[in-house]
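Take a look at the structure set out below.
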Amino acid sequence: MSCMMAGMLSCKPVDTPISISKATILPDPLFFYATRFCQIVDALQYLTFKRPDICFAVNRVCQFMHAPTDSHWAAVKRILRYLWGTASHGLHITRNSSFALHGFTDADSAGSVEDRKSTGGYLVFFGQTPISWKSGKQRTIARSSTEAEYKALADGTTEVIWLQYLLTDLQILSTSASIIWYDNLGATYLFANPVFHARTKHVEVDYHFVRDRVAKKEIQIRFISSQDQLADFFTKPLPTSSFTAFRFKIRVDPPPSA
């Protein structure tokens with residue numbers, strides 16, 4: 001439907017929904033059909049409910065709905081070209097005996113060239129199926145990569161704790177603490193060390209509720225290599241090889257029999 005609205009029913013497909021090249025702030029004329037831009041982006045937001053692979057790209061273009069330019073329209077058209085080539089893709093939910101929650105969180109420190117804010121993201125699995133994900137710009141500017149990563153960890157922890165409460169209300173109980181996989185050692189040391197280091201005094205206190213959740217054994221934080229960090233999918237553009245591998249791992253690719 002979005003491709004039809006944009007007049008792109010015969011477009012050439014691309015392998016990824018967003019280019020890995022860094023955007024530059026240059027004079028760019030406003031896009032003449034701003035209403036069409038907003039309509040298509042609105043439709044793409046609904047599509048992210050079953051297509052987490054476009055979540056980061058759609059979040060990116062959503063930030064410019066108030067005054068889209070020609071380059072922003074080009075970014076939307078790239079998403080549509082990607083969707084046209086992956087029309088058979090979608091989130092596949094399968095039955096699983098595991099009731100365990102586990103999540104991935106990550107951040108791209110100061111990744112926005114417009115305001116230098118960081119982009120955070122998380123992905124939460126129920127058994128082997130993704131059930132919650134998010135890509136979004138952090139509200140404040142992080143003064144260090146550790147702070148940006150720790151904010152992302154706090155957001156992911158909040159989501160996991162809420163899902164734990166929801167599953168408990170549904171009488172779905174897990175016998176083990178939820179695991180959050182993380183790839184930043186600096187932020188990992190923060191929640192494990194009760195000493196509030198001088199270099200982290202600028203970190204807001206409410207982010208440190210992660211420590212309390214770990215102490216109560218409600219969650220476990222475990223380190224994972226950046227190559228296996230699935231939340232990377234939601235924080236930055238990725239080259240085709242990494243993007244395709246992560247898309248397969250989060251179960252968006254069609255099943256082999258399809």
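Lettering and numbering for the structure tokens are positional, with chains as A, B, ... in the shown order, residues counted from 1 in each chain, and ligands counted from 1 in the shown order.
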message = Residues within 9 Å of Arg60 (chain A), please, as a ChimeraX atom specification. Count only C-alpha atoms; anything in the same chain fewer than 5 positions from it doesn't count.
response = /A:55,75,135-137
Residues from last step as file, all heavy atoms, as a CSV table (one decimal), in the first residue's frame:
chain,number,residue,atom,x,y,z
A,55,CYS,N,12.6,-1.0,11.9
A,55,CYS,CA,12.3,-0.2,13.0
A,55,CYS,C,13.3,1.0,13.1
A,55,CYS,O,12.8,2.2,13.3
A,55,CYS,CB,12.4,-1.0,14.3
A,55,CYS,SG,11.8,-0.2,15.8
A,75,ALA,N,15.1,9.0,1.7
A,75,ALA,CA,15.3,7.9,2.8
A,75,ALA,C,14.0,7.1,2.9
A,75,ALA,O,14.1,5.8,3.0
A,75,ALA,CB,15.6,8.5,4.1
A,135,SER,N,13.4,1.3,19.0
A,135,SER,CA,14.6,2.1,18.5
A,135,SER,C,14.2,3.5,18.7
A,135,SER,O,13.1,3.9,18.3
A,135,SER,CB,14.9,1.8,17.0
A,135,SER,OG,15.9,2.7,16.6
A,136,GLY,N,15.0,4.3,19.4
A,136,GLY,CA,14.6,5.7,19.7
A,136,GLY,C,15.8,6.5,20.1
A,136,GLY,O,16.7,6.0,20.7
A,137,LYS,N,15.7,7.8,19.8
A,137,LYS,CA,16.7,8.7,20.3
A,137,LYS,C,16.5,9.0,21.8
A,137,LYS,O,15.4,9.2,22.2
A,137,LYS,CB,16.6,10.0,19.5
A,137,LYS,CG,17.7,11.0,19.7
A,137,LYS,CD,17.5,12.3,18.9
A,137,LYS,CE,17.6,12.1,17.5
A,137,LYS,NZ,17.6,13.4,16.7
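Residues with any atom within 10 Å of Thr69 (chain A), counting only C-alpha atoms and excluding same-chain neighbours fewer than 5 positions away, are Pro27, Asp28, Pro29, Leu30, Phe31, Phe32, Tyr33, Ala34, Phe37, Phe64, Ala74 and Ala75 of chain A.
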message = One number please: CA of Val210 (chain A) to CA of Gln128 (chain A), in Å, one decimal.
response = 24.2 Å
key: Selection: 8 Å around region 241-258 of chain A, only C-alpha atoms, excl. self and same-chain fewer than 5 positions, as a PyMOL selection string   = chain A and resi 16+51-53+88-92+129-130+230+233
Keeping only N, CA and C atoms, write those residues as a CSV table (one decimal), in the first residue's frame.
chain,number,residue,atom,x,y,z
A,16,THR,N,19.1,-3.2,2.1
A,16,THR,CA,18.9,-2.7,3.5
A,16,THR,C,18.0,-1.5,3.4
A,51,ARG,N,7.5,-5.9,11.4
A,51,ARG,CA,8.7,-5.9,10.7
A,51,ARG,C,9.8,-5.1,11.5
A,52,PRO,N,10.3,-5.7,12.6
A,52,PRO,CA,11.4,-5.1,13.4
A,52,PRO,C,12.6,-4.7,12.6
A,53,ASP,N,12.8,-5.3,11.4
A,53,ASP,CA,14.0,-5.0,10.6
A,53,ASP,C,13.9,-3.6,10.0
A,88,SER,N,7.8,-11.0,1.2
A,88,SER,CA,7.5,-12.2,1.9
A,88,SER,C,8.0,-12.3,3.3
A,89,HIS,N,8.7,-11.3,3.8
A,89,HIS,CA,9.3,-11.3,5.1
A,89,HIS,C,8.3,-10.9,6.1
A,90,GLY,N,8.5,-11.3,7.4
A,90,GLY,CA,7.6,-10.8,8.5
A,90,GLY,C,8.0,-11.6,9.7
A,91,LEU,N,7.6,-11.1,10.9
A,91,LEU,CA,7.9,-11.8,12.1
A,91,LEU,C,7.2,-13.2,12.2
A,92,HIS,N,8.0,-14.2,12.5
A,92,HIS,CA,7.4,-15.6,12.5
A,92,HIS,C,7.4,-16.0,14.0
A,129,THR,N,11.0,-16.3,20.5
A,129,THR,CA,10.2,-15.3,19.7
A,129,THR,C,10.4,-13.9,20.2
A,130,PRO,N,10.7,-13.0,19.4
A,130,PRO,CA,10.8,-11.6,19.8
A,130,PRO,C,9.3,-11.1,20.1
A,230,LEU,N,22.2,-8.4,19.2
A,230,LEU,CA,21.1,-8.2,18.3
A,230,LEU,C,20.5,-6.8,18.4
A,233,PHE,N,20.9,-3.9,15.8
A,233,PHE,CA,19.9,-3.8,14.7
A,233,PHE,C,19.1,-2.5,14.8
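With CA of Arg143 (chain A) on one side and CA of Asp115 (chain A) on the other, the separation reads 12.9 Å.
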inquiry  = Let's see if you can do this: from backbone DSSP, list all alpha helix (DSSP H) residues in region 73-202 of chain A, as a ChimeraX atom specification.
reply    = /A:73-85,145-169,185-192
key: Å distance separating CA of Asp42 (chain A) from CA of Pro17 (chain A), one decimal place   =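 Atom-to-atom, CA of Asp42 (chain A) to CA of Pro17 (chain A), that is 16.2 Å.
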Between region 38-141 of chain A and region 156-165 of chain A, at 8 Å or less, what are the per-residue closest atom pairs and their distances in Å? Count only C-alpha atoms, order by chain and rising residue number, and return it as CSV.
residue,atom,partner,partner_atom,distance
A:Leu101,CA,A:Val160,CA,7.4
A:His102,CA,A:Val160,CA,7.8
A:Gly103,CA,A:Gly156,CA,7.3
A:Phe104,CA,A:Gly156,CA,7.4
A:Thr105,CA,A:Gly156,CA,5.9
A:Gly121,CA,A:Gly156,CA,7.7
A:Tyr122,CA,A:Gly156,CA,5.6
A:Leu123,CA,A:Gly156,CA,7.7
A:Val124,CA,A:Val160,CA,7.2
